[in-house]
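Structure data (compact mmCIF, C-alpha atoms and all ligand atoms) from final-v1.txt:
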# COMPACT_ATOMS: atom_id res chain seq x y z
CA MET T 1 -6.88 45.32 149.17
CA THR T 2 -6.98 43.99 152.75
CA HIS T 3 -9.61 44.95 155.35
CA GLY T 4 -6.93 46.80 157.26
CA GLU T 5 -6.06 48.89 154.20
CA VAL T 6 -9.74 49.66 153.58
CA ASP T 7 -10.19 50.78 157.20
CA TYR T 8 -7.12 53.00 156.91
CA ILE T 9 -8.43 54.68 153.70
CA LEU T 10 -11.88 55.20 155.25
CA GLN T 11 -10.27 56.74 158.32
CA LEU T 12 -8.21 59.14 156.20
CA SER T 13 -10.98 60.09 153.79
CA GLY T 14 -13.79 60.39 156.33
CA PHE T 15 -16.09 58.25 154.13
CA LYS T 16 -18.31 55.58 155.64
CA ALA T 17 -18.39 52.00 154.35
CA GLY T 18 -21.71 51.15 152.71
CA VAL T 19 -23.34 47.84 151.92
CA PHE T 20 -24.82 46.44 148.73
CA PRO T 21 -27.44 46.82 147.46
CA PHE T 22 -27.85 50.58 147.89
CA ARG T 23 -30.24 52.83 146.03
CA TYR T 24 -29.26 55.46 143.49
CA LEU T 25 -32.09 57.41 141.78
CA ALA T 26 -34.49 54.83 143.32
CA ILE T 27 -32.67 51.98 141.54
CA PRO T 28 -30.99 49.30 143.69
CA ILE T 29 -27.28 49.11 142.86
CA SER T 30 -25.56 45.80 143.45
CA TYR T 31 -22.49 43.96 142.20
CA LYS T 32 -24.58 40.75 142.07
CA ARG T 33 -27.47 39.88 139.75
CA MET T 34 -30.80 41.59 140.41
CA THR T 35 -32.93 39.21 142.42
CA VAL T 36 -36.72 39.03 142.36
CA GLY T 37 -36.64 40.54 145.87
CA ASP T 38 -34.57 43.54 144.66
CA CYS T 39 -37.21 44.22 142.00
CA THR T 40 -40.21 43.93 144.33
CA ARG T 41 -40.33 47.71 144.65
CA LEU T 42 -40.56 47.96 140.86
CA VAL T 43 -43.61 45.65 140.75
CA GLU T 44 -45.15 47.55 143.69
CA LYS T 45 -44.57 50.85 141.88
CA VAL T 46 -46.48 49.63 138.82
CA GLY T 47 -49.30 48.41 141.13
CA ASP T 48 -49.34 51.78 142.99
CA ARG T 49 -49.68 53.71 139.74
CA ILE T 50 -52.56 51.50 138.68
CA ARG T 51 -54.38 51.80 142.00
CA GLY T 52 -53.86 55.56 141.90
CA TRP T 53 -55.51 56.01 138.52
CA GLY T 54 -59.11 55.84 139.72
CA ALA T 55 -58.73 52.54 137.91
CA LYS T 56 -62.22 51.22 137.32
CA LYS T 57 -63.61 54.52 136.06
CA LEU T 58 -61.41 54.51 132.98
CA SER T 59 -62.46 52.98 129.68
CA TYR T 60 -60.36 50.35 127.87
CA ALA T 61 -58.85 53.10 125.73
CA GLY T 62 -57.85 55.15 128.81
CA ARG T 63 -56.35 52.09 130.49
CA LEU T 64 -54.28 51.33 127.39
CA VAL T 65 -52.88 54.86 127.36
CA LEU T 66 -51.88 54.64 131.03
CA ILE T 67 -50.38 51.16 130.73
CA ARG T 68 -48.34 52.42 127.78
CA ALA T 69 -47.13 55.38 129.87
CA VAL T 70 -46.05 53.22 132.83
CA LEU T 71 -44.33 50.62 130.68
CA THR T 72 -42.57 53.32 128.65
CA GLN T 73 -41.20 54.76 131.90
CA LEU T 74 -40.08 51.27 132.92
CA HIS T 75 -38.34 50.63 129.60
CA SER T 76 -36.63 54.00 129.46
CA PHE T 77 -35.26 53.69 133.01
CA TRP T 78 -35.01 50.24 134.59
CA THR T 79 -34.51 47.98 131.59
CA ARG T 80 -31.77 50.25 130.26
CA VAL T 81 -29.77 49.66 133.41
CA PHE T 82 -30.52 46.05 134.35
CA VAL T 83 -31.21 42.64 133.00
CA ILE T 84 -34.63 42.24 134.63
CA PRO T 85 -35.41 38.65 135.76
CA LEU T 86 -38.22 37.06 133.71
CA THR T 87 -40.26 36.39 136.87
CA VAL T 88 -40.36 40.15 137.50
CA ILE T 89 -41.34 40.92 133.90
CA ASP T 90 -44.12 38.31 134.18
CA ARG T 91 -45.41 39.98 137.36
CA ILE T 92 -45.37 43.46 135.84
CA GLU T 93 -47.16 42.26 132.71
CA GLY T 94 -49.66 40.40 134.93
CA VAL T 95 -50.51 43.62 136.81
CA CYS T 96 -50.97 45.53 133.51
CA ARG T 97 -53.00 42.72 131.93
CA ASN T 98 -55.34 42.46 134.93
CA TYR T 99 -55.78 46.21 134.99
CA LEU T 100 -56.64 46.35 131.27
CA TRP T 101 -59.38 43.74 131.45
CA SER T 102 -60.81 44.26 134.93
CA GLY T 103 -59.73 47.73 136.08
CA SER T 104 -57.90 46.16 139.02
CA ASP T 105 -54.40 44.79 139.57
CA GLN T 106 -56.00 41.50 140.64
CA TYR T 107 -57.05 38.72 138.23
CA LEU T 108 -60.84 39.11 137.97
CA LYS T 109 -61.58 38.53 134.27
CA THR T 110 -60.33 36.18 131.56
CA PRO T 111 -58.32 38.25 129.04
CA ALA T 112 -60.14 38.48 125.70
CA VAL T 113 -56.84 38.75 123.77
CA THR T 114 -53.40 37.42 124.67
CA TRP T 115 -50.83 39.88 126.02
CA GLU T 116 -48.42 39.00 123.21
CA LYS T 117 -51.03 40.06 120.68
CA ILE T 118 -51.82 43.30 122.54
CA CYS T 119 -48.12 44.17 122.50
CA ASN T 120 -48.05 44.01 118.71
CA GLU T 121 -48.07 47.13 116.56
CA LYS T 122 -51.53 48.27 115.46
CA ARG T 123 -50.89 47.41 111.81
CA TYR T 124 -50.24 43.81 112.92
CA GLY T 125 -53.43 43.65 114.96
CA GLY T 126 -52.14 44.78 118.38
CA ARG T 127 -52.47 47.90 120.52
CA ASP T 128 -48.88 49.12 120.45
CA ILE T 129 -47.76 48.24 123.96
CA VAL T 130 -44.07 47.46 124.28
CA ASN T 131 -43.33 43.80 124.97
CA ALA T 132 -41.17 44.07 128.11
CA ARG T 133 -39.46 40.71 127.60
CA LEU T 134 -38.36 41.45 124.02
CA TRP T 135 -37.47 45.06 124.82
CA ASN T 136 -35.19 43.91 127.65
CA GLN T 137 -33.53 41.45 125.25
CA ALA T 138 -33.13 44.20 122.63
CA VAL T 139 -31.49 46.47 125.24
CA ILE T 140 -29.05 43.70 126.22
CA GLY T 141 -28.50 43.19 122.49
CA LYS T 142 -26.82 46.61 122.56
CA TYR T 143 -24.01 45.20 124.72
CA THR T 144 -23.61 42.21 122.37
CA TRP T 145 -23.34 44.72 119.49
CA TRP T 146 -20.65 46.72 121.31
CA LEU T 147 -18.69 43.49 121.73
CA ALA T 148 -19.26 42.40 118.12
CA ALA T 149 -18.26 45.84 116.78
CA LYS T 150 -15.33 46.12 119.27
CA THR T 151 -16.50 49.56 120.32
CA ASP T 152 -13.95 51.72 122.11
CA HIS T 153 -15.66 51.55 125.46
CA MET T 154 -14.29 51.10 128.98
CA TRP T 155 -16.77 48.28 129.67
CA ILE T 156 -15.66 46.38 126.55
CA LYS T 157 -12.02 46.63 127.67
CA TRP T 158 -12.97 45.37 131.14
CA VAL T 159 -15.00 42.44 129.70
CA ASP T 160 -12.15 41.52 127.38
CA HIS T 161 -9.69 41.58 130.27
CA VAL T 162 -11.87 39.68 132.79
CA TYR T 163 -13.88 37.23 130.66
CA MET T 164 -12.83 36.90 127.03
CA LYS T 165 -9.08 37.33 127.42
CA GLY T 166 -8.60 38.07 123.70
CA LYS T 167 -10.94 35.32 122.41
CA SER T 168 -13.35 35.95 119.53
CA TRP T 169 -16.72 37.21 120.83
CA HIS T 170 -18.76 35.08 118.45
CA GLU T 171 -17.00 31.88 119.50
CA TYR T 172 -16.52 32.65 123.17
CA ILE T 173 -18.23 30.24 125.63
CA PRO T 174 -18.77 31.54 129.19
CA THR T 175 -17.30 29.50 132.02
CA ASN T 176 -19.43 28.01 134.80
CA ASN T 177 -18.17 30.52 137.33
CA SER T 178 -19.09 33.55 135.17
CA SER T 179 -21.79 35.82 136.60
CA TRP T 180 -25.51 35.39 135.88
CA THR T 181 -25.62 38.70 133.98
CA TRP T 182 -22.68 37.67 131.80
CA HIS T 183 -24.34 34.33 131.02
CA LYS T 184 -27.51 36.25 130.09
CA ILE T 185 -25.58 38.55 127.74
CA CYS T 186 -24.03 35.48 126.05
CA GLN T 187 -27.48 33.90 125.70
CA ILE T 188 -28.83 37.02 123.99
CA ARG T 189 -25.75 37.00 121.71
CA ASP T 190 -26.74 33.49 120.59
CA ILE T 191 -30.35 34.58 119.98
CA MET T 192 -29.19 37.57 117.94
CA LYS T 193 -26.48 35.80 115.96
CA PRO T 194 -28.65 35.34 112.83
CA GLY T 195 -29.19 39.11 112.82
CA TYR T 196 -25.53 39.74 111.96
CA ILE T 197 -24.17 39.48 108.44
CA ASN T 198 -20.36 39.70 108.12
CA GLY T 199 -20.19 41.33 111.56
CA LYS T 200 -22.73 44.02 110.62
CA TRP T 201 -26.24 44.33 111.95
CA MET T 202 -28.67 43.42 109.17
CA ASP T 203 -30.79 46.57 109.59
CA ASN T 204 -30.24 50.27 110.27
CA ASN T 205 -27.23 50.64 107.85
CA GLY T 206 -25.31 47.90 109.63
CA PHE T 207 -25.49 49.59 113.05
CA TYR T 208 -27.45 48.08 115.87
CA SER T 209 -30.13 50.13 117.63
CA VAL T 210 -32.44 48.97 120.40
CA SER T 211 -35.54 49.65 118.28
CA SER T 212 -34.15 47.76 115.25
CA GLY T 213 -33.19 44.85 117.55
CA TYR T 214 -36.68 44.90 119.03
CA GLN T 215 -38.30 44.79 115.59
CA TRP T 216 -36.00 41.96 114.55
CA LEU T 217 -36.80 39.93 117.70
CA TYR T 218 -40.52 40.35 116.97
CA GLY T 219 -39.96 38.75 113.60
CA GLN T 220 -41.90 38.91 110.36
CA GLN T 221 -45.62 39.40 110.81
CA ASN T 222 -48.60 39.82 108.55
CA LYS T 223 -50.47 43.09 108.43
CA VAL T 224 -54.13 42.78 109.32
CA THR T 225 -56.61 43.83 106.65
CA TRP T 226 -59.13 45.33 109.07
CA CYS T 227 -56.80 47.97 110.49
CA PRO T 228 -58.15 50.81 108.25
CA LEU T 229 -61.68 50.13 109.48
CA ILE T 230 -61.07 50.67 113.18
CA LEU T 231 -58.05 52.98 113.04
CA THR T 232 -58.80 55.96 110.84
CA GLN T 233 -57.85 59.56 111.63
CA MET T 234 -61.41 59.98 112.84
CA SER T 235 -61.61 56.88 115.05
CA ILE T 236 -63.12 57.37 118.49
CA PRO T 237 -60.66 55.70 120.94
CA ASN T 238 -63.26 53.92 123.14
CA HIS T 239 -65.15 52.67 120.11
CA SER T 240 -61.94 51.63 118.40
CA VAL T 241 -61.06 49.20 121.22
CA ILE T 242 -64.51 47.55 121.05
CA GLY T 243 -64.20 47.49 117.23
CA TRP T 244 -60.81 45.81 117.64
CA LEU T 245 -62.49 43.05 119.71
CA VAL T 246 -65.37 42.76 117.23
CA VAL T 247 -63.17 42.24 114.15
CA GLN T 248 -61.35 39.46 116.02
CA GLU T 249 -64.64 38.03 117.38
CA ARG T 250 -63.32 38.43 120.93
CA LEU T 251 -66.27 40.07 122.70
CA MET T 252 -67.27 37.96 125.70
CA THR T 253 -70.60 36.86 124.27
CA ARG T 254 -72.67 34.24 126.04
CA GLU T 255 -71.59 31.69 123.46
CA ARG T 256 -67.96 32.21 124.62
CA LEU T 257 -68.97 32.25 128.29
CA LEU T 258 -70.73 28.91 127.75
CA LYS T 259 -67.59 27.56 126.11
CA PHE T 260 -65.46 28.60 129.11
CA GLY T 261 -68.05 27.19 131.54
CA PHE T 262 -68.85 30.61 133.10
CA THR T 263 -72.60 30.36 132.42
CA THR T 264 -75.25 27.78 131.59
CA ASP T 265 -77.59 30.20 129.80
CA GLY T 266 -76.57 31.22 126.29
CA ALA T 267 -79.70 33.15 125.28
CA CYS T 268 -79.46 36.55 123.56
CA PHE T 269 -80.34 39.37 126.00
CA PHE T 270 -82.31 41.25 123.33
CA CYS T 271 -84.61 38.53 121.97
CA GLN T 272 -84.13 35.67 124.46
CA SER T 273 -84.70 33.19 121.64
CA HIS T 274 -81.30 32.61 120.01
CA LEU T 275 -77.80 31.72 121.15
CA GLU T 276 -75.83 34.93 121.69
CA THR T 277 -73.03 34.61 119.14
CA HIS T 278 -71.11 37.54 117.62
CA GLN T 279 -73.02 37.09 114.42
CA HIS T 280 -76.42 37.00 116.08
CA LEU T 281 -75.82 39.79 118.61
CA LEU T 282 -74.34 42.28 116.15
CA TYR T 283 -76.23 41.51 112.92
CA GLU T 284 -78.93 38.83 112.97
CA CYS T 285 -80.96 39.70 116.04
CA LYS T 286 -84.18 41.58 115.23
CA PHE T 287 -83.12 44.43 117.53
CA SER T 288 -79.74 44.79 115.78
CA GLN T 289 -81.32 44.62 112.33
CA ILE T 290 -83.63 47.55 113.16
CA CYS T 291 -80.62 49.52 114.43
CA TRP T 292 -78.66 48.88 111.23
CA ASP T 293 -81.66 49.92 109.11
CA LEU T 294 -81.72 53.22 111.01
CA MET T 295 -77.97 53.70 110.41
CA ARG T 296 -78.38 53.04 106.68
CA GLY T 297 -81.29 55.48 106.51
CA TRP T 298 -79.27 58.19 108.28
CA LEU T 299 -76.09 57.74 106.26
CA LYS T 300 -77.84 57.03 102.94
CA VAL T 301 -75.30 54.30 102.32
CA ASP T 302 -76.58 50.79 101.65
CA PHE T 303 -73.98 48.63 103.39
CA PRO T 304 -74.81 44.97 103.90
CA THR T 305 -74.94 43.12 107.20
CA PRO T 306 -73.59 40.67 108.26
CA ARG T 307 -70.72 40.82 105.70
CA ILE T 308 -70.09 44.39 106.71
CA ILE T 309 -66.33 44.07 107.39
CA ALA T 310 -65.60 42.55 103.97
CA TRP T 311 -67.79 45.22 102.34
CA CYS T 312 -65.96 48.07 104.13
CA LEU T 313 -62.57 46.78 103.01
CA LYS T 314 -63.67 46.56 99.37
CA TRP T 315 -65.75 49.71 99.26
CA ARG T 316 -64.57 52.23 96.68
CA CYS T 317 -65.57 55.73 97.72
CA LYS T 318 -64.29 58.90 96.06
CA SER T 319 -64.52 60.89 99.27
CA LEU T 320 -62.04 59.79 101.95
CA MET T 321 -63.95 61.82 104.51
CA LYS T 322 -67.23 60.12 103.70
CA LYS T 323 -65.56 56.75 103.92
CA GLN T 324 -64.04 57.55 107.31
CA ILE T 325 -67.35 58.82 108.66
CA VAL T 326 -69.17 55.67 107.48
CA PHE T 327 -66.47 53.58 109.16
CA ILE T 328 -66.72 55.39 112.49
CA VAL T 329 -70.52 55.09 112.35
CA ILE T 330 -70.23 51.32 111.87
CA VAL T 331 -67.73 51.00 114.75
CA ALA T 332 -69.93 53.30 116.90
CA ALA T 333 -72.91 51.02 116.13
CA TRP T 334 -70.92 47.99 117.35
CA TYR T 335 -69.91 49.90 120.47
CA HIS T 336 -73.47 50.96 121.31
CA LEU T 337 -74.96 47.54 120.51
CA TRP T 338 -72.47 46.00 122.94
CA HIS T 339 -73.25 48.74 125.48
CA ALA T 340 -77.03 48.19 125.06
CA ARG T 341 -76.49 44.47 125.57
CA ASN T 342 -74.60 45.14 128.83
CA VAL T 343 -77.29 47.55 130.06
CA CYS T 344 -79.82 44.79 129.34
CA ARG T 345 -77.68 42.28 131.24
CA LEU T 346 -76.96 44.44 134.29
CA GLU T 347 -80.12 46.56 134.58
CA ALA T 348 -82.69 44.45 132.69
CA LEU T 349 -83.38 47.55 130.61
CA LEU T 350 -83.73 47.46 126.83
CA ILE T 351 -83.07 50.78 125.13
CA SER T 352 -84.94 51.56 121.92
CA PRO T 353 -83.23 51.41 118.47
CA SER T 354 -83.99 55.12 117.96
CA MET T 355 -82.20 55.90 121.24
CA LEU T 356 -79.23 53.83 120.06
CA LEU T 357 -79.16 55.79 116.79
CA LYS T 358 -79.26 59.02 118.79
CA GLN T 359 -76.24 57.90 120.85
CA VAL T 360 -74.32 57.02 117.67
CA LYS T 361 -75.19 60.39 116.10
CA GLN T 362 -74.09 62.25 119.21
CA ASP T 363 -70.72 60.48 119.38
CA VAL T 364 -69.99 60.77 115.65
CA CYS T 365 -71.02 64.42 115.31
CA ARG T 366 -69.05 65.35 118.43
CA ARG T 367 -66.03 63.61 116.93
CA CYS T 368 -66.42 65.54 113.67
CA LYS T 369 -66.41 68.79 115.66
CA ASP T 370 -63.45 67.66 117.82
CA ARG T 371 -61.38 66.98 114.73
CA VAL T 372 -62.36 70.42 113.34
CA TRP T 373 -63.72 68.75 110.26
CA SER T 374 -66.38 71.10 109.09
CA LEU T 375 -68.35 68.97 106.70
CA LYS T 376 -69.94 71.97 104.99
CA ALA T 377 -66.57 73.61 104.33
CA HIS T 378 -65.64 70.62 102.18
CA LYS T 379 -68.79 71.10 100.07
CA LEU T 380 -69.78 67.50 100.39
CA PRO T 381 -73.05 66.55 98.77
CA TRP T 382 -73.49 64.28 101.70
CA GLU T 383 -73.46 65.21 105.34
CA PRO T 384 -74.82 63.37 108.39
CA THR T 385 -77.13 65.56 110.42
CA TYR T 386 -77.86 65.42 114.08
CA ASP T 387 -81.31 66.25 115.41
ZN ZN C 401 -81.29 38.15 119.72
Go through the file and emit its structure as structure tokens.
Amino acid sequence: MTHGEVDYILQLSGFKAGVFPFRYLAIPISYKRMTVGDCTRLVEKVGDRIRGWGAKKLSYAGRLVLIRAVLTQLHSFWTRVFVIPLTVIDRIEGVCRNYLWSGSDQYLKTPAVTWEKICNEKRYGGRDIVNARLWNQAVIGKYTWWLAAKTDHMWIKWVDHVYMKGKSWHEYIPTNNSSWTWHKICQIRDIMKPGYINGKWMDNNGFYSVSSGYQWLYGQQNKVTWCPLILTQMSIPNHSVIGWLVVQERLMTRERLLKFGFTTDGACFFCQSHLETHQHLLYECKFSQICWDLMRGWLKVDFPTPRIIAWCLKWRCKSLMKKQIVFIVIVAAWYHLWHARNVCRLEALLISPSMLLKQVKQDVCRRCKDRVWSLKAHKLPWEPTYD
């Protein structure tokens, strides 16, 4: 159509000529590939949400919930429409990562665990945050499936007419003058090729779904053994995140800070006479040992320290409830020992072991009430008491 013809149609119809990119439902619409500049608003939006959350006041558990909410919104809206450039995904993940570890969208703290690991499912040792890069690939995988399955779809007919011209999808090679998005779709096709057996998707009864593609892209992983310890029905979210760092030995102890060159003093804050390692801080320090003795006395369960994780995983207990309560007490003890250590570091104040036990009792008993688990109603011979 010539410019003259376009002008004539506009004159007749009364419509005005627009320019690309324009916005529809806040999404920039363009006939060209999405540039990093087009997606700037998306990165800003994620940053705005984070700054608007009263960021620093939230615990790790609260931050994880909010990051999950923002990324879910992103995946259910933007990534379903566009192939997002990797630079943009990196920026969004950077904002979320910084917020998780420091409460700010700026890089202030070294992450204790890699983002890839955090994105994993809980049973594989992660925190169930969707991996934006793989999710975007899985969404694009849907288009490669439509092409592989020759779905009766207007877009497929258009692609066949413009690009493939009747060639086989699996053997088709894009030409140099094909669009960036089309090249990207062909790249994802090559990545996903091993997932097809005789033209059928290897999972989900032969039909591709974004979630099955996402799982497949993540690949085979090993379940972690410690998951039942920190993720029971009774788990206290804030404690669970600290427990998750403890079982992986990822708390930023002074031993680790020394290793990274962030400090020159590695002494334990409680006793000032040993190097602050995970093992020492949580089990071997005199202060920690007294705290554990108090826990054992309260629970009337003789668990060993420092091989407490191995003991928990092997422990045979007839009562599931008792087992879960013992587990949340152990994780609460880790949480409060770490908290006491930070109070000592920031305020030069050492709380007493009996105060630490009181804090653990308060948290655990409140949790039992929150979960409407009346211990007496279950006629347990054993019940922790709070005084
Ligand atoms: Zn010590």
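Atom pair CA of Asn204 in chain T / CA of Lys142 in chain T: separated by 13.3 Å.
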Report as an MDAnalysis selection string which protein, DNA and RNA residues come within 12 Å of ligand ZN 401 (chain C), using all atoms listed in the file. chainID T and resid 253:254 266:290 337 341 344 350
Kindly give the distance, in Å, that separates CA of Phe260 in chain T and CA of Tyr107 in chain T, rounded to a single decimal.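 About the pair CA of Phe260 in chain T and CA of Tyr107 in chain T: they are 16.0 Å apart.
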With only C-alpha atoms as the atoms that count, which of T:Leu258, T:Thr151, T:Val241, T:Leu357 lies nearest to Trp298 in chain T? T:Leu357
At a cut-off of 10 Å, using all atoms listed in the file, what residues contact Gly94 in chain T? Leave out same-chain residues fewer than 4 positions from it and give the result as a VMD selection string. chain T and resid 43 88 to 90 98 to 100 105 to 107 115
Check which residues of range 204-261 of chain T sit at most 9 Å from range 61-67 of chain T using all atoms listed in the file, and return one row each with the closest pair of atoms and their distance in Å to one decimal, ordered by chain and rising number, as a tab-separated table.
residue	atom	partner	partner_atom	distance
T:Pro237	CA	T:Ala61	CA	5.7
T:Asn238	CA	T:Ala61	CA	5.2
T:His239	CA	T:Ala61	CA	8.5
T:Ser240	CA	T:Ala61	CA	8.1
T:Val241	CA	T:Ala61	CA	6.4
Go ahead and write the residues just picked, C-alpha atoms, as an mmCIF file, in the frame of the given file.
data_model
loop_
_atom_site.group_PDB
_atom_site.id
_atom_site.type_symbol
_atom_site.label_atom_id
_atom_site.label_comp_id
_atom_site.auth_asym_id
_atom_site.auth_seq_id
_atom_site.Cartn_x
_atom_site.Cartn_y
_atom_site.Cartn_z
ATOM 1 C CA PRO T 237 -60.660 55.700 120.940
ATOM 2 C CA ASN T 238 -63.260 53.920 123.140
ATOM 3 C CA HIS T 239 -65.150 52.670 120.110
ATOM 4 C CA SER T 240 -61.940 51.630 118.400
ATOM 5 C CA VAL T 241 -61.060 49.200 121.220
#
Counting only C-alpha atoms, the residue of T:Val162, T:Arg366, T:Ile242, T:Val130 that sits nearest Gln73 in chain T: T:Val130
Surrounding residues of Asp48 in chain T excluding itself and chain neighbours under 3 positions, 12 Å, all atoms listed in the file, as number ranges by chain: T: 41-45, 51-55, 70, 92, 95-96, 99, 104-105
Quick check, in Å to one decimal: how far apart do CA of Lys117 in chain T and CA of Asn131 in chain T lie? 9.6 Å
Size and centre in Å, one decimal, axis-aligned box, all listed range 283-302 of chain T atoms plus 4 Å per side, as AutoDock Vina command-line options:
--center_x -79.7 --center_y 48.5 --center_z 109.6 --size_x 16.9 --size_y 27.4 --size_z 23.9
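The list of residues with at least one atom within 10 Å of Gly213 in chain T, based on only C-alpha atoms and without residues fewer than 3 positions apart in the same chain, reads Leu134, Trp135, Gln137, Ala138, Val139, Ile140, Gly141, Lys142, Met192, Gly195, Trp201, Met202, Asp203, Asn204, Tyr208, Ser209, Val210, Trp216, Leu217, Tyr218 and Gly219 of chain T.
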Next, dump the selected residues to file, keeping only C-alpha atoms, as a compact mmCIF listing (two decimals), keeping the file's coordinate frame.
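Final output, out_31.txt:
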# COMPACT_ATOMS: atom_id res chain seq x y z
CA LEU T 134 -38.36 41.45 124.02
CA TRP T 135 -37.47 45.06 124.82
CA GLN T 137 -33.53 41.45 125.25
CA ALA T 138 -33.13 44.20 122.63
CA VAL T 139 -31.49 46.47 125.24
CA ILE T 140 -29.05 43.70 126.22
CA GLY T 141 -28.50 43.19 122.49
CA LYS T 142 -26.82 46.61 122.56
CA MET T 192 -29.19 37.57 117.94
CA GLY T 195 -29.19 39.11 112.82
CA TRP T 201 -26.24 44.33 111.95
CA MET T 202 -28.67 43.42 109.17
CA ASP T 203 -30.79 46.57 109.59
CA ASN T 204 -30.24 50.27 110.27
CA TYR T 208 -27.45 48.08 115.87
CA SER T 209 -30.13 50.13 117.63
CA VAL T 210 -32.44 48.97 120.40
CA TRP T 216 -36.00 41.96 114.55
CA LEU T 217 -36.80 39.93 117.70
CA TYR T 218 -40.52 40.35 116.97
CA GLY T 219 -39.96 38.75 113.60
Among T:Val224, T:Val343, T:Ile325, T:Leu294, Tyr124 in chain T is approached most closely, using all atoms listed in the file, by T:Val224
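Distances to Lys150 in chain T were evaluated for T:Gly166, T:Gly47, T:Gly125, T:Pro85 using all atoms listed in the file, and the minimum falls at T:Gly166.
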Using only C-alpha atoms, which residue out of T:Trp292, T:Trp311, T:Phe262, T:Phe303 lies closest to Ala333 in chain T?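 Looking at the shortest contact to Ala333 in chain T, the residue is T:Trp292.
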Check the smallest atom-to-atom distance from each of T:Gln324, T:Thr40, T:Thr79, T:Thr263 to Met234 in chain T using only C-alpha atoms, then report the winner. T:Gln324
Please rebuild range 144-157 of chain T with N, CA and C atoms and return the result as a CSV table (one decimal), keeping the file's coordinate frame.
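Below you can see part-v1.csv, which holds the result:
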chain,number,residue,atom,x,y,z
T,144,THR,N,-24.2,43.2,123.3
T,144,THR,CA,-23.6,42.2,122.4
T,144,THR,C,-23.1,42.9,121.1
T,145,TRP,N,-23.8,44.0,120.7
T,145,TRP,CA,-23.3,44.7,119.5
T,145,TRP,C,-22.0,45.4,119.8
T,146,TRP,N,-21.9,46.0,120.9
T,146,TRP,CA,-20.6,46.7,121.3
T,146,TRP,C,-19.5,45.7,121.2
T,147,LEU,N,-19.8,44.5,121.7
T,147,LEU,CA,-18.7,43.5,121.7
T,147,LEU,C,-18.4,43.0,120.3
T,148,ALA,N,-19.4,42.8,119.5
T,148,ALA,CA,-19.3,42.4,118.1
T,148,ALA,C,-18.5,43.5,117.3
T,149,ALA,N,-18.9,44.7,117.6
T,149,ALA,CA,-18.3,45.8,116.8
T,149,ALA,C,-17.0,46.3,117.4
T,150,LYS,N,-16.6,45.7,118.5
T,150,LYS,CA,-15.3,46.1,119.3
T,150,LYS,C,-15.3,47.6,119.5
T,151,THR,N,-16.4,48.1,120.0
T,151,THR,CA,-16.5,49.6,120.3
T,151,THR,C,-15.4,50.0,121.3
T,152,ASP,N,-15.0,51.2,121.2
T,152,ASP,CA,-14.0,51.7,122.1
T,152,ASP,C,-14.7,52.2,123.4
T,153,HIS,N,-14.8,51.3,124.3
T,153,HIS,CA,-15.7,51.6,125.5
T,153,HIS,C,-15.0,50.9,126.7
T,154,MET,N,-15.0,51.6,127.8
T,154,MET,CA,-14.3,51.1,129.0
T,154,MET,C,-14.8,49.7,129.4
T,155,TRP,N,-16.2,49.6,129.3
T,155,TRP,CA,-16.8,48.3,129.7
T,155,TRP,C,-16.3,47.1,128.8
T,156,ILE,N,-16.1,47.4,127.5
T,156,ILE,CA,-15.7,46.4,126.6
T,156,ILE,C,-14.2,45.9,126.9
T,157,LYS,N,-13.4,46.9,127.3
T,157,LYS,CA,-12.0,46.6,127.7
T,157,LYS,C,-12.0,45.8,128.9
